[in-house]
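A.B. asks: Structure file protein_24.pdb, PDB, C-alpha atoms, is pasted below:
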ATOM      1  CA  MET A   1     -25.293 -27.882  13.116  1.00  0.00           C
ATOM      2  CA  THR A   2     -26.714 -25.332  10.699  1.00  0.00           C
ATOM      3  CA  ARG A   3     -27.358 -21.735  11.653  1.00  0.00           C
ATOM      4  CA  GLN A   4     -29.218 -19.052   9.785  1.00  0.00           C
ATOM      5  CA  ILE A   5     -27.377 -15.802   9.367  1.00  0.00           C
ATOM      6  CA  VAL A   6     -29.600 -13.174  10.933  1.00  0.00           C
ATOM      7  CA  GLY A   7     -27.063 -10.384  10.848  1.00  0.00           C
ATOM      8  CA  GLY A   8     -23.368  -9.799  10.663  1.00  0.00           C
ATOM      9  CA  VAL A   9     -20.924  -9.190  13.420  1.00  0.00           C
ATOM     10  CA  VAL A  10     -18.254  -6.701  12.619  1.00  0.00           C
ATOM     11  CA  VAL A  11     -15.300  -7.475  14.825  1.00  0.00           C
ATOM     12  CA  ALA A  12     -11.618  -7.487  14.946  1.00  0.00           C
ATOM     13  CA  PHE A  13      -9.515  -9.879  16.854  1.00  0.00           C
ATOM     14  CA  VAL A  14      -5.863 -10.585  17.454  1.00  0.00           C
ATOM     15  CA  VAL A  15      -4.281 -12.790  14.789  1.00  0.00           C
ATOM     16  CA  GLY A  16      -0.948 -14.572  14.575  1.00  0.00           C
ATOM     17  CA  LEU A  17       0.805 -13.260  17.648  1.00  0.00           C
ATOM     18  CA  THR A  18       3.255 -15.036  19.938  1.00  0.00           C
ATOM     19  CA  PRO A  19       4.852 -13.882  23.185  1.00  0.00           C
ATOM     20  CA  THR A  20       8.430 -12.662  22.912  1.00  0.00           C
ATOM     21  CA  GLY A  21       9.636 -13.315  26.403  1.00  0.00           C
ATOM     22  CA  VAL A  22      11.482  -9.978  26.207  1.00  0.00           C
ATOM     23  CA  ALA A  23      10.732  -7.241  28.705  1.00  0.00           C
ATOM     24  CA  ALA A  24       8.407  -4.744  27.082  1.00  0.00           C
ATOM     25  CA  GLN A  25       8.904  -1.008  27.075  1.00  0.00           C
ATOM     26  CA  PRO A  26       6.187   0.703  29.142  1.00  0.00           C
ATOM     27  CA  VAL A  27       3.720   2.837  27.225  1.00  0.00           C
ATOM     28  CA  SER A  28       1.877   5.643  29.020  1.00  0.00           C
ATOM     29  CA  PRO A  29      -1.895   5.328  29.504  1.00  0.00           C
ATOM     30  CA  GLU A  30      -2.364   8.395  27.291  1.00  0.00           C
ATOM     31  CA  GLN A  31      -0.361   6.772  24.475  1.00  0.00           C
ATOM     32  CA  GLN A  32      -2.301   3.534  24.880  1.00  0.00           C
ATOM     33  CA  ILE A  33      -5.621   5.378  24.679  1.00  0.00           C
ATOM     34  CA  GLU A  34      -4.584   7.183  21.503  1.00  0.00           C
ATOM     35  CA  GLU A  35      -3.228   3.979  19.978  1.00  0.00           C
ATOM     36  CA  GLY A  36      -6.247   1.914  21.067  1.00  0.00           C
ATOM     37  CA  LEU A  37      -8.682   4.293  19.389  1.00  0.00           C
ATOM     38  CA  SER A  38      -6.670   4.531  16.152  1.00  0.00           C
ATOM     39  CA  PRO A  39      -8.575   1.850  14.165  1.00  0.00           C
ATOM     40  CA  LEU A  40     -11.894   3.641  14.662  1.00  0.00           C
ATOM     41  CA  PRO A  41     -13.325   6.369  12.451  1.00  0.00           C
ATOM     42  CA  GLU A  42     -12.987   9.742  14.230  1.00  0.00           C
ATOM     43  CA  ALA A  43     -16.752   9.995  14.791  1.00  0.00           C
ATOM     44  CA  MET A  44     -16.765   6.758  16.831  1.00  0.00           C
ATOM     45  CA  ARG A  45     -13.869   7.501  19.208  1.00  0.00           C
ATOM     46  CA  ASP A  46     -15.451   9.730  21.877  1.00  0.00           C
ATOM     47  CA  ASP A  47     -17.756   7.093  23.401  1.00  0.00           C
ATOM     48  CA  ALA A  48     -15.472   4.045  23.173  1.00  0.00           C
ATOM     49  CA  GLU A  49     -14.064   2.382  26.282  1.00  0.00           C
ATOM     50  CA  VAL A  50     -10.297   1.809  26.116  1.00  0.00           C
ATOM     51  CA  LYS A  51      -8.336  -0.965  27.782  1.00  0.00           C
ATOM     52  CA  GLY A  52      -4.581  -1.300  27.948  1.00  0.00           C
ATOM     53  CA  TYR A  53      -1.839  -2.796  30.046  1.00  0.00           C
ATOM     54  CA  ASP A  54      -0.408  -1.701  33.381  1.00  0.00           C
ATOM     55  CA  GLU A  55       3.228  -2.077  34.476  1.00  0.00           C
ATOM     56  CA  SER A  56       2.608  -5.715  35.511  1.00  0.00           C
ATOM     57  CA  GLY A  57       1.147  -6.599  32.109  1.00  0.00           C
ATOM     58  CA  ALA A  58      -2.416  -6.923  33.388  1.00  0.00           C
ATOM     59  CA  LEU A  59      -5.262  -5.786  31.134  1.00  0.00           C
ATOM     60  CA  VAL A  60      -6.919  -2.752  32.754  1.00  0.00           C
ATOM     61  CA  THR A  61      -9.530  -0.150  31.842  1.00  0.00           C
ATOM     62  CA  LEU A  62      -7.782   3.091  30.920  1.00  0.00           C
ATOM     63  CA  ARG A  63     -10.900   5.057  29.965  1.00  0.00           C
ATOM     64  CA  GLU A  64     -14.550   4.297  30.642  1.00  0.00           C
ATOM     65  CA  GLY A  65     -16.891   4.534  27.681  1.00  0.00           C
ATOM     66  CA  ALA A  66     -20.588   5.183  27.216  1.00  0.00           C
ATOM     67  CA  GLY A  67     -20.849   3.612  23.758  1.00  0.00           C
ATOM     68  CA  LEU A  68     -21.065   0.129  22.292  1.00  0.00           C
ATOM     69  CA  LEU A  69     -17.373  -0.254  21.491  1.00  0.00           C
ATOM     70  CA  THR A  70     -14.351  -1.315  23.494  1.00  0.00           C
ATOM     71  CA  CYS A  71     -10.813  -0.859  22.222  1.00  0.00           C
ATOM     72  CA  ILE A  72      -7.695  -2.651  23.420  1.00  0.00           C
ATOM     73  CA  ALA A  73      -4.264  -1.077  22.935  1.00  0.00           C
ATOM     74  CA  ASP A  74      -1.300  -3.124  21.745  1.00  0.00           C
ATOM     75  CA  ASP A  75       0.097  -5.590  24.273  1.00  0.00           C
ATOM     76  CA  PRO A  76       3.810  -4.758  24.546  1.00  0.00           C
ATOM     77  CA  ALA A  77       4.514  -8.302  25.803  1.00  0.00           C
ATOM     78  CA  VAL A  78       3.420  -9.798  22.466  1.00  0.00           C
ATOM     79  CA  ARG A  79       5.784  -9.751  19.484  1.00  0.00           C
ATOM     80  CA  ALA A  80       3.500  -8.400  16.747  1.00  0.00           C
ATOM     81  CA  TYR A  81       1.536  -5.155  16.889  1.00  0.00           C
ATOM     82  CA  THR A  82      -2.260  -5.334  17.198  1.00  0.00           C
ATOM     83  CA  VAL A  83      -4.872  -2.871  18.359  1.00  0.00           C
ATOM     84  CA  THR A  84      -8.466  -4.042  18.369  1.00  0.00           C
ATOM     85  CA  CYS A  85     -11.853  -2.402  18.762  1.00  0.00           C
ATOM     86  CA  PHE A  86     -14.959  -4.538  19.118  1.00  0.00           C
ATOM     87  CA  HIS A  87     -18.657  -4.439  19.929  1.00  0.00           C
ATOM     88  CA  ARG A  88     -19.133  -5.031  23.654  1.00  0.00           C
ATOM     89  CA  ASP A  89     -21.026  -8.280  22.951  1.00  0.00           C
ATOM     90  CA  MET A  90     -17.766  -9.693  21.515  1.00  0.00           C
ATOM     91  CA  GLU A  91     -15.776  -9.174  24.721  1.00  0.00           C
ATOM     92  CA  ALA A  92     -15.737 -12.828  25.851  1.00  0.00           C
ATOM     93  CA  TYR A  93     -14.534 -13.966  22.418  1.00  0.00           C
ATOM     94  CA  VAL A  94     -11.841 -11.297  22.084  1.00  0.00           C
ATOM     95  CA  THR A  95     -10.662 -11.773  25.667  1.00  0.00           C
ATOM     96  CA  ARG A  96     -10.379 -15.537  25.170  1.00  0.00           C
ATOM     97  CA  SER A  97      -8.447 -15.010  21.930  1.00  0.00           C
ATOM     98  CA  LEU A  98      -6.041 -12.689  23.767  1.00  0.00           C
ATOM     99  CA  GLU A  99      -5.593 -15.263  26.560  1.00  0.00           C
ATOM    100  CA  LEU A 100      -4.725 -17.992  24.059  1.00  0.00           C
ATOM    101  CA  THR A 101      -2.258 -15.686  22.320  1.00  0.00           C
ATOM    102  CA  LYS A 102      -0.534 -14.843  25.610  1.00  0.00           C
ATOM    103  CA  GLU A 103      -0.337 -18.567  26.371  1.00  0.00           C
ATOM    104  CA  GLY A 104       1.658 -18.974  23.146  1.00  0.00           C
ATOM    105  CA  ALA A 105      -1.003 -20.459  20.865  1.00  0.00           C
ATOM    106  CA  ASP A 106      -0.240 -20.024  17.171  1.00  0.00           C
ATOM    107  CA  THR A 107      -3.035 -18.815  14.881  1.00  0.00           C
ATOM    108  CA  PRO A 108      -4.268 -22.257  13.736  1.00  0.00           C
ATOM    109  CA  GLY A 109      -4.207 -23.589  17.292  1.00  0.00           C
ATOM    110  CA  ARG A 110      -5.944 -20.520  18.659  1.00  0.00           C
ATOM    111  CA  LEU A 111      -8.688 -20.688  16.034  1.00  0.00           C
ATOM    112  CA  GLN A 112      -9.177 -24.433  16.642  1.00  0.00           C
ATOM    113  CA  THR A 113      -9.523 -23.873  20.380  1.00  0.00           C
ATOM    114  CA  LEU A 114     -11.942 -20.981  19.886  1.00  0.00           C
ATOM    115  CA  GLN A 115     -14.037 -23.050  17.445  1.00  0.00           C
ATOM    116  CA  ALA A 116     -14.120 -26.020  19.847  1.00  0.00           C
ATOM    117  CA  GLU A 117     -15.301 -23.697  22.621  1.00  0.00           C
ATOM    118  CA  ILE A 118     -17.972 -22.220  20.332  1.00  0.00           C
ATOM    119  CA  ASP A 119     -19.122 -25.717  19.299  1.00  0.00           C
ATOM    120  CA  SER A 120     -19.330 -26.839  22.943  1.00  0.00           C
ATOM    121  CA  GLY A 121     -21.281 -23.746  23.974  1.00  0.00           C
ATOM    122  CA  ALA A 122     -18.528 -22.604  26.349  1.00  0.00           C
ATOM    123  CA  LEU A 123     -18.015 -19.513  24.184  1.00  0.00           C
ATOM    124  CA  THR A 124     -20.633 -17.658  22.171  1.00  0.00           C
ATOM    125  CA  LEU A 125     -20.535 -15.138  19.363  1.00  0.00           C
ATOM    126  CA  PRO A 126     -23.394 -12.678  18.876  1.00  0.00           C
ATOM    127  CA  ASP A 127     -25.006 -12.304  15.478  1.00  0.00           C
ATOM    128  CA  ARG A 128     -24.200  -8.590  15.086  1.00  0.00           C
ATOM    129  CA  GLY A 129     -21.846  -5.839  16.232  1.00  0.00           C
ATOM    130  CA  VAL A 130     -19.058  -3.527  15.044  1.00  0.00           C
ATOM    131  CA  VAL A 131     -15.241  -3.539  15.415  1.00  0.00           C
ATOM    132  CA  TYR A 132     -11.987  -2.657  13.663  1.00  0.00           C
ATOM    133  CA  GLN A 133      -8.297  -3.624  13.901  1.00  0.00           C
ATOM    134  CA  ARG A 134      -4.776  -2.605  13.011  1.00  0.00           C
ATOM    135  CA  SER A 135      -2.119  -5.301  13.070  1.00  0.00           C
ATOM    136  CA  GLY A 136       1.313  -6.009  11.691  1.00  0.00           C
ATOM    137  CA  LEU A 137       4.974  -6.245  12.563  1.00  0.00           C
ATOM    138  CA  ASP A 138       5.040  -3.052  14.617  1.00  0.00           C
ATOM    139  CA  VAL A 139       3.382   0.312  15.104  1.00  0.00           C
ATOM    140  CA  ASP A 140       4.880   1.635  11.848  1.00  0.00           C
ATOM    141  CA  ILE A 141       4.307  -1.458   9.687  1.00  0.00           C
ATOM    142  CA  ASN A 142       0.676  -2.488   9.978  1.00  0.00           C
ATOM    143  CA  ASP A 143      -2.576  -2.782   8.060  1.00  0.00           C
ATOM    144  CA  ALA A 144      -6.060  -1.748   9.071  1.00  0.00           C
ATOM    145  CA  ALA A 145      -8.997  -4.064   8.463  1.00  0.00           C
ATOM    146  CA  MET A 146     -12.628  -4.548   9.328  1.00  0.00           C
ATOM    147  CA  LEU A 147     -13.846  -8.080   9.958  1.00  0.00           C
ATOM    148  CA  ILE A 148     -17.548  -8.828   9.579  1.00  0.00           C
ATOM    149  CA  PHE A 149     -18.421 -12.074  11.322  1.00  0.00           C
ATOM    150  CA  LEU A 150     -21.009 -14.221   9.537  1.00  0.00           C
ATOM    151  CA  PRO A 151     -21.145 -17.495  11.497  1.00  0.00           C
ATOM    152  CA  ASN A 152     -21.033 -20.579   9.230  1.00  0.00           C
ATOM    153  CA  ALA A 153     -20.949 -18.508   6.018  1.00  0.00           C
ATOM    154  CA  THR A 154     -19.409 -20.118   2.936  1.00  0.00           C
ATOM    155  CA  ALA A 155     -17.882 -18.689  -0.224  1.00  0.00           C
ATOM    156  CA  ASP A 156     -20.752 -20.154  -2.282  1.00  0.00           C
ATOM    157  CA  GLY A 157     -23.357 -18.738   0.106  1.00  0.00           C
ATOM    158  CA  THR A 158     -21.892 -15.225   0.101  1.00  0.00           C
ATOM    159  CA  GLY A 159     -20.468 -14.951  -3.391  1.00  0.00           C
ATOM    160  CA  LEU A 160     -17.099 -14.006  -1.891  1.00  0.00           C
ATOM    161  CA  THR A 161     -13.768 -15.631  -2.593  1.00  0.00           C
ATOM    162  CA  SER A 162     -11.970 -17.388   0.220  1.00  0.00           C
ATOM    163  CA  LEU A 163      -8.608 -16.381  -1.259  1.00  0.00           C
ATOM    164  CA  PRO A 164      -6.845 -13.543   0.608  1.00  0.00           C
ATOM    165  CA  SER A 165      -6.799 -10.204  -1.178  1.00  0.00           C
ATOM    166  CA  PRO A 166      -5.890  -6.642  -0.226  1.00  0.00           C
ATOM    167  CA  GLN A 167      -7.955  -5.351  -3.186  1.00  0.00           C
ATOM    168  CA  HIS A 168     -11.395  -6.691  -2.237  1.00  0.00           C
ATOM    169  CA  PRO A 169     -13.343  -8.324   0.598  1.00  0.00           C
ATOM    170  CA  TRP A 170     -12.759 -12.040   1.124  1.00  0.00           C
ATOM    171  CA  LEU A 171     -14.128 -14.760   3.399  1.00  0.00           C
ATOM    172  CA  ARG A 172     -11.899 -16.155   6.145  1.00  0.00           C
ATOM    173  CA  GLU A 173     -12.622 -19.367   8.085  1.00  0.00           C
ATOM    174  CA  PRO A 174     -15.522 -20.299   5.735  1.00  0.00           C
ATOM    175  CA  GLY A 175     -18.038 -22.827   7.033  1.00  0.00           C
ATOM    176  CA  THR A 176     -17.106 -22.331  10.710  1.00  0.00           C
ATOM    177  CA  GLY A 177     -18.657 -20.407  13.557  1.00  0.00           C
ATOM    178  CA  GLN A 178     -15.803 -17.936  13.115  1.00  0.00           C
ATOM    179  CA  ALA A 179     -16.430 -17.236   9.414  1.00  0.00           C
ATOM    180  CA  HIS A 180     -15.859 -13.580   8.664  1.00  0.00           C
ATOM    181  CA  VAL A 181     -15.450 -11.180   5.787  1.00  0.00           C
ATOM    182  CA  SER A 182     -12.096  -9.391   5.834  1.00  0.00           C
ATOM    183  CA  ILE A 183     -12.117  -5.889   4.361  1.00  0.00           C
ATOM    184  CA  SER A 184      -8.839  -4.013   4.007  1.00  0.00           C
ATOM    185  CA  MET A 185      -9.057  -0.376   5.124  1.00  0.00           C
ATOM    186  CA  ARG A 186      -5.917   0.998   3.491  1.00  0.00           C
TER
END
So that I can check it, write out the structure of this file as structure tokens.

C.D. replies:
Amino acid sequence: MTRQIVGGVVVAFVVGLTPTGVAAQPVSPEQQIEEGLSPLPEAMRDDAEVKGYDESGALVTLREGAGLLTCIADDPAVRAYTVTCFHRDMEAYVTRSLELTKEGADTPGRLQTLQAEIDSGALTLPDRGVVYQRSGLDVDINDAAMLIFLPNATADGTGLTSLPSPQHPWLREPGTGQAHVSISMR
């Protein structure tokens, strides 16, 4: 199936995380809100909705938002650190990615499952939006990035390399419905 790229989706999603099985330290709602908003530019924080985790580990809304963005604080039950902000039209995709991560899916398995669900029509990605992420080993060792989703984009079609680089944008998952430009925000 061939799709035309009408626009780009800027989104961040959880990558490479596995559950630890270790009891997580509780983080206050206030701390989760601050942490959840941290990937966004200051000017975009006031209107964003923020979700985080309650004492039982359930994903809950910590702060309602009037804007187009939703942010999710780090899940303390998952080994690596990731905070994600995404355009509200990406919620089904991001939520499904989080579910697969919590179920223990590794990154290749998670991406394969997401792609299969996109191909079957069970999961859809919009053609535009905005989101940011911070992820890494922990809250002190992490990188910020913006991911611009361009479904089915290729390196030849965009002029971007598909080789990872912290110095310039590069294309991840080329030729798939999850193709996206990764831009480091260091």

A.B. asks: Name the closest residue to Asp127 in chain A among the candidates A:Glu64, A:Asp54, A:Asp75, A:Asp89; distances are taken between atoms, counting all atoms listed in the file.

C.D. replies: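 For Asp127 in chain A, the nearest of the given residues is A:Asp89.
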
A.B. asks: Rank A:Tyr53, A:Tyr81, A:Phe86, A:Phe149 by their smallest atom-to-atom distance to Pro26 in chain A, using all atoms listed in the file, and report the top residue only.

C.D. replies: A:Tyr53

A.B. asks: Do you know which residues lie at most 6 Å from (-4.2, 0.4, 21.5), with coordinates as in the file and all atoms listed in the file counted, and could you write them as a PyMOL selection string?

C.D. replies: chain A and resi 32+35-36+72-74+83

A.B. asks: Could you work out how far CA of Arg172 in chain A lies from CA of Tyr93 in chain A, giving the answer in Å with one decimal?

C.D. replies: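 CA of Arg172 in chain A lies at a distance of 16.6 Å from CA of Tyr93 in chain A.
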
A.B. asks: How many Å lie between CA of Pro108 in chain A and CA of Thr176 in chain A, rounded to one decimal?

C.D. replies: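 Going from CA of Pro108 in chain A over to CA of Thr176 in chain A covers 13.2 Å.
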
A.B. asks: Restricting the calculation to only C-alpha atoms, which member of A:Gly65, A:Asn152, A:Glu55, A:His168 is positioned closest to Val27 in chain A?

C.D. replies: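 Smallest separation from Val27 in chain A among the options: A:Glu55.
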
A.B. asks: Output range 160-171 of chain A with all heavy atoms present, as a short mmCIF file (atom, residue, chain, number, x, y, z; two decimals), in the coordinates of the input.

C.D. replies:
data_model
loop_
_atom_site.label_atom_id
_atom_site.label_comp_id
_atom_site.auth_asym_id
_atom_site.auth_seq_id
_atom_site.Cartn_x
_atom_site.Cartn_y
_atom_site.Cartn_z
N LEU A 160 -18.44 -14.54 -2.12
CA LEU A 160 -17.10 -14.01 -1.89
C LEU A 160 -16.06 -15.09 -2.10
O LEU A 160 -16.31 -16.27 -1.86
CB LEU A 160 -16.97 -13.48 -0.46
CG LEU A 160 -17.82 -12.28 -0.10
CD1 LEU A 160 -17.79 -12.05 1.41
CD2 LEU A 160 -17.32 -11.04 -0.83
N THR A 161 -14.87 -14.69 -2.50
CA THR A 161 -13.77 -15.63 -2.59
C THR A 161 -13.23 -15.93 -1.20
O THR A 161 -13.38 -15.11 -0.29
CB THR A 161 -12.63 -15.07 -3.48
OG1 THR A 161 -11.59 -16.05 -3.56
CG2 THR A 161 -12.06 -13.78 -2.92
N SER A 162 -12.62 -17.08 -1.05
CA SER A 162 -11.97 -17.39 0.22
C SER A 162 -10.46 -17.24 0.08
O SER A 162 -9.71 -17.64 0.96
CB SER A 162 -12.34 -18.80 0.68
OG SER A 162 -11.95 -19.75 -0.28
N LEU A 163 -10.03 -16.65 -1.03
CA LEU A 163 -8.61 -16.38 -1.26
C LEU A 163 -8.26 -14.98 -0.76
O LEU A 163 -8.94 -14.01 -1.11
CB LEU A 163 -8.26 -16.50 -2.74
CG LEU A 163 -8.53 -17.87 -3.38
CD1 LEU A 163 -8.29 -17.80 -4.88
CD2 LEU A 163 -7.68 -18.94 -2.72
N PRO A 164 -7.22 -14.86 0.06
CA PRO A 164 -6.84 -13.54 0.61
C PRO A 164 -6.58 -12.52 -0.49
O PRO A 164 -6.00 -12.84 -1.52
CB PRO A 164 -5.56 -13.83 1.37
CG PRO A 164 -5.58 -15.29 1.65
CD PRO A 164 -6.32 -15.92 0.51
N SER A 165 -7.03 -11.28 -0.22
CA SER A 165 -6.80 -10.20 -1.18
C SER A 165 -6.83 -8.85 -0.49
O SER A 165 -7.76 -8.57 0.27
CB SER A 165 -7.87 -10.22 -2.27
OG SER A 165 -7.72 -9.08 -3.10
N PRO A 166 -5.84 -8.00 -0.76
CA PRO A 166 -5.89 -6.64 -0.23
C PRO A 166 -6.76 -5.71 -1.09
O PRO A 166 -7.05 -4.60 -0.69
CB PRO A 166 -4.43 -6.19 -0.26
CG PRO A 166 -3.84 -6.96 -1.40
CD PRO A 166 -4.56 -8.28 -1.41
N GLN A 167 -7.18 -6.19 -2.28
CA GLN A 167 -7.96 -5.35 -3.19
C GLN A 167 -9.46 -5.45 -3.00
O GLN A 167 -10.19 -4.58 -3.44
CB GLN A 167 -7.65 -5.69 -4.65
CG GLN A 167 -6.32 -5.19 -5.14
CD GLN A 167 -5.20 -6.18 -4.81
OE1 GLN A 167 -5.42 -7.37 -4.71
NE2 GLN A 167 -4.00 -5.67 -4.61
N HIS A 168 -9.96 -6.52 -2.38
CA HIS A 168 -11.40 -6.69 -2.24
C HIS A 168 -11.72 -7.55 -1.02
O HIS A 168 -10.85 -8.26 -0.51
CB HIS A 168 -12.00 -7.31 -3.50
CG HIS A 168 -11.35 -8.59 -3.91
ND1 HIS A 168 -11.60 -9.80 -3.30
CD2 HIS A 168 -10.43 -8.85 -4.87
CE1 HIS A 168 -10.88 -10.74 -3.85
NE2 HIS A 168 -10.15 -10.20 -4.80
N PRO A 169 -12.96 -7.49 -0.54
CA PRO A 169 -13.34 -8.32 0.60
C PRO A 169 -13.19 -9.81 0.27
O PRO A 169 -13.38 -10.22 -0.87
CB PRO A 169 -14.82 -7.98 0.81
CG PRO A 169 -15.01 -6.66 0.16
CD PRO A 169 -14.05 -6.63 -0.99
N TRP A 170 -12.86 -10.59 1.30
CA TRP A 170 -12.76 -12.04 1.12
C TRP A 170 -13.20 -12.74 2.40
O TRP A 170 -13.22 -12.14 3.47
CB TRP A 170 -11.35 -12.44 0.70
CG TRP A 170 -10.25 -12.07 1.65
CD1 TRP A 170 -9.72 -10.84 1.86
CD2 TRP A 170 -9.54 -12.96 2.53
NE1 TRP A 170 -8.73 -10.89 2.81
CE2 TRP A 170 -8.59 -12.18 3.23
CE3 TRP A 170 -9.60 -14.33 2.78
CZ2 TRP A 170 -7.73 -12.74 4.17
CZ3 TRP A 170 -8.74 -14.87 3.71
CH2 TRP A 170 -7.81 -14.08 4.39
N LEU A 171 -13.59 -14.00 2.28
CA LEU A 171 -14.13 -14.76 3.40
C LEU A 171 -13.05 -15.60 4.06
O LEU A 171 -12.42 -16.44 3.41
CB LEU A 171 -15.27 -15.65 2.92
CG LEU A 171 -16.07 -16.37 4.00
CD1 LEU A 171 -16.81 -15.36 4.87
CD2 LEU A 171 -17.05 -17.34 3.36
#
